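Before any comments, here is the structure.
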Amino acid sequence: RHRCTHQPTALHRKGSDTCVVSEYVEKFPAYESSQPPRSLKPKYDYKTEKSRMEGTTTFKSDFIPYEVTRRPGKQQAEYQPNPGEIDLGTTYKQDFNSYQIHPVAPLRPKESVRAANGKLDTVPTYKEDFRPWEISKRELTKPDVAYRPPSGKFGNTTTFQDDFVPRGTVPRENFKPSNVAKLSDAPFESVTSNQLSYVPHPVEARFVKAPEEYKPSDQPFQDLTTHRKDYQGLPGQMPRSCKPEQVKTSSEAPFQSSTEFRERFQQWPVSLPQLHKSVEYVSPTADMDLSTTTRSTYIKHEVQPFVSSKPFSRTTRSSAPFQANTTMKEDFKPWLTARRLDVIRKPEEIRRSSGKMEDLTTFKAHFVQHSLQPNLSYKPLAAPMRADAPLEDRTMYRTEFTPKKVSVCPASFESPPGFLFDDIDERGHKFFRKVQDQNKIQVQAPKAVAVMS
């Protein structure tokens, strides 16, 4: 069906109203007596309360204040010590047996101050200026004990060495079974359930379908779409433009190129700036006077040089050899101590092997390699299943489709067949009336058709 809305053109009438001339509007007119049904759904309008709001709440109205008293505190009981004495005996005191231990004599010799026999030849400044007082030297009350290191072996054994009796290691009997593969004398049964139960069936020959010859359809191809069928361009006159034509206006008078800037701001006569010529440098011919104020006014006085009262340091060289002995070297000489004995260690129980390690594992020693026999596969080949019956390539579209006759809208023609021109309205719609002779009609159309031009 042809239903189109047309916008008004400026040639006929100015306005923004749209034209809704269509078949539906002509066949179904609007009735003024009927009104749309009213909705019975209530409107949710918020109604405010005009009365004054009370400031009382449920808590204010129901709450009753009670007199609060202080909670009595818990009185702490007075501490009373338990009667009797505390048993301070422990398990350690009961079971521990004390051993009589003798004191160990120290190996380190006691420090003894040895006076030097030689005499220092040099006299320091302190000794000359500060003479010592005649004070008798206090004799030492410490007995002179000369330490003599023992010549025997150090025999202070520990409690563990005294109480522990070393016993030889007793080898345990090994109950672990030997990891040796047991070979069977019976032959290997390689028969499986698939080999016993599987029955090979003969495979039928593959059905090859003969290709069908292509037969083109006798009916022409329907390439008319819905857009081409219902929406076709309507022939009409081109809209006229309301824009005035651009006519070129030419004048023979000369162009006035004077502007406000040229009229008010005239050019002032400006003189060129004078260039300052630099004076040429002429070097002086006389010699330069290099005398300064200090040279001309300074008076030299004859002053004796300053004599230093510091004696000159004269280096005294002696032919005697240099004495490298010091008080430290003379008084503190190294002692002749006996060599420290080595630490007594327990002999190792496990003897280390001296020979080369055999790089042979249990797996290498007992493994026997057998020849691999591949299993026969009875699995059928993955061949596609073919059916003898031909493929039914018929569809519902092929069997039930019937071509239908396409009706062309009469408004697509400039002069619709079977209609005569009647009138044209202010919007530009052309109205045609149907011809009385039905034999001349070739296209089905309504009684009156409006065409936009």
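Here's how to read the names in the structure tokens: chain A, B, ... by the order shown, residue numbers from 1 in each chain, ligand numbers from 1 in the order shown.
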
Q: List every residue of stretch 397-431 of chain A that DSSP, applied to the backbone of this structure, assigns to strand (DSSP E), and report them as a PyMOL selection string.
A: chain A and resi 419-424+429-431

Q: Report the residues of stretch 35-254 of chain A whose backbone DSSP state falls under alpha helix (DSSP H), written as an NGL selection string.
A: :A and (58-62 or 91-95 or 125-129 or 159-163 or 193-197 or 226-230)

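Proximity to A:Gln222 was assessed for A:Pro403, A:Gly428, A:Arg71, A:Leu40 counting only C-alpha atoms; the smallest distance is recorded for A:Pro403.
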
Under the rule of at most 10 Å, produce a per-residue listing of stretch 178-273 of chain A near stretch 379-384 of chain A: chain, number, name, the closest pair of atoms, and the distance in Å, as CSV, using only C-alpha atoms.
```
residue,atom,partner,partner_atom,distance
A:Asn194,CA,A:Lys379,CA,8.9
A:Gln195,CA,A:Lys379,CA,9.9
A:Tyr198,CA,A:Lys379,CA,9.1
A:Pro200,CA,A:Pro380,CA,8.4
A:His201,CA,A:Pro380,CA,9.7
A:Arg206,CA,A:Pro384,CA,9.6
```

Q.
What's around stretch 364-368 of chain A at 9 Å? Count only C-alpha atoms, leave out sequence neighbours fewer than 5 positions away in its own chain, and write the answer as a count of residues only.
A. 3

Please provide as a PDB file with N, CA and C atoms, in the first residue's frame all residues within 6 Å of stretch 412-422 of chain A, with the sequence filter that same-chain residues fewer than 3 positions apart are discarded (counting only C-alpha atoms).
```pdb
ATOM      1  N   LEU A 234       8.983   9.177  -7.167  1.00  0.00           N
ATOM      2  CA  LEU A 234       7.830   9.765  -7.841  1.00  0.00           C
ATOM      3  C   LEU A 234       8.304  10.848  -8.799  1.00  0.00           C
ATOM      4  N   PRO A 235       7.854  10.829 -10.044  1.00  0.00           N
ATOM      5  CA  PRO A 235       8.268  11.886 -10.979  1.00  0.00           C
ATOM      6  C   PRO A 235       7.589  13.205 -10.621  1.00  0.00           C
ATOM      7  N   CYS A 409       2.882   0.205  -7.625  1.00  0.00           N
ATOM      8  CA  CYS A 409       2.128   1.349  -7.125  1.00  0.00           C
ATOM      9  C   CYS A 409       1.872   2.320  -8.282  1.00  0.00           C
ATOM     10  N   PHE A 431      -4.582  14.953  -8.174  1.00  0.00           N
ATOM     11  CA  PHE A 431      -5.661  13.983  -7.955  1.00  0.00           C
ATOM     12  C   PHE A 431      -6.125  13.452  -9.301  1.00  0.00           C
ATOM     13  N   PHE A 432      -6.263  12.132  -9.386  1.00  0.00           N
ATOM     14  CA  PHE A 432      -6.730  11.453 -10.612  1.00  0.00           C
ATOM     15  C   PHE A 432      -8.019  10.721 -10.284  1.00  0.00           C
ATOM     16  N   ARG A 433      -8.890  10.610 -11.284  1.00  0.00           N
ATOM     17  CA  ARG A 433     -10.130   9.837 -11.106  1.00  0.00           C
ATOM     18  C   ARG A 433     -10.068   8.596 -11.980  1.00  0.00           C
ATOM     19  N   LYS A 434     -10.757   7.590 -11.538  1.00  0.00           N
ATOM     20  CA  LYS A 434     -10.705   6.294 -12.203  1.00  0.00           C
ATOM     21  C   LYS A 434     -11.543   6.322 -13.482  1.00  0.00           C
ATOM     22  N   VAL A 435     -11.047   5.655 -14.533  1.00  0.00           N
ATOM     23  CA  VAL A 435     -11.756   5.579 -15.807  1.00  0.00           C
ATOM     24  C   VAL A 435     -12.895   4.579 -15.671  1.00  0.00           C
ATOM     25  N   ILE A 441      -7.977  -0.856 -17.747  1.00  0.00           N
ATOM     26  CA  ILE A 441      -7.177  -0.854 -16.514  1.00  0.00           C
ATOM     27  C   ILE A 441      -6.210  -2.034 -16.547  1.00  0.00           C
TER      28      ILE A 441
END
```

Q: Excluding A:Asn375 and any residue of its chain fewer than 6 positions from it, enumerate the residues within 10 Å of it, using only C-alpha atoms, and give them as a PyMOL selection string.
A: chain A and resi 190-192

Would you save the residues of that selection, restricted to N, CA and C atoms, as a compact mmCIF listing (two decimals), in the first residue's frame?
```
# COMPACT_ATOMS: atom_id res chain seq x y z
N SER A 190 50.34 -63.25 25.38
CA SER A 190 50.05 -61.95 24.78
C SER A 190 48.66 -61.87 24.17
N VAL A 191 47.78 -62.86 24.51
CA VAL A 191 46.42 -62.87 23.95
C VAL A 191 45.54 -61.97 24.82
N THR A 192 44.84 -61.00 24.20
CA THR A 192 43.95 -60.09 24.91
C THR A 192 42.49 -60.43 24.62
```

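Our summary of the geometry notes that atom CA of A:Pro149 is positioned 7.3 Å from atom CA of A:Leu107.
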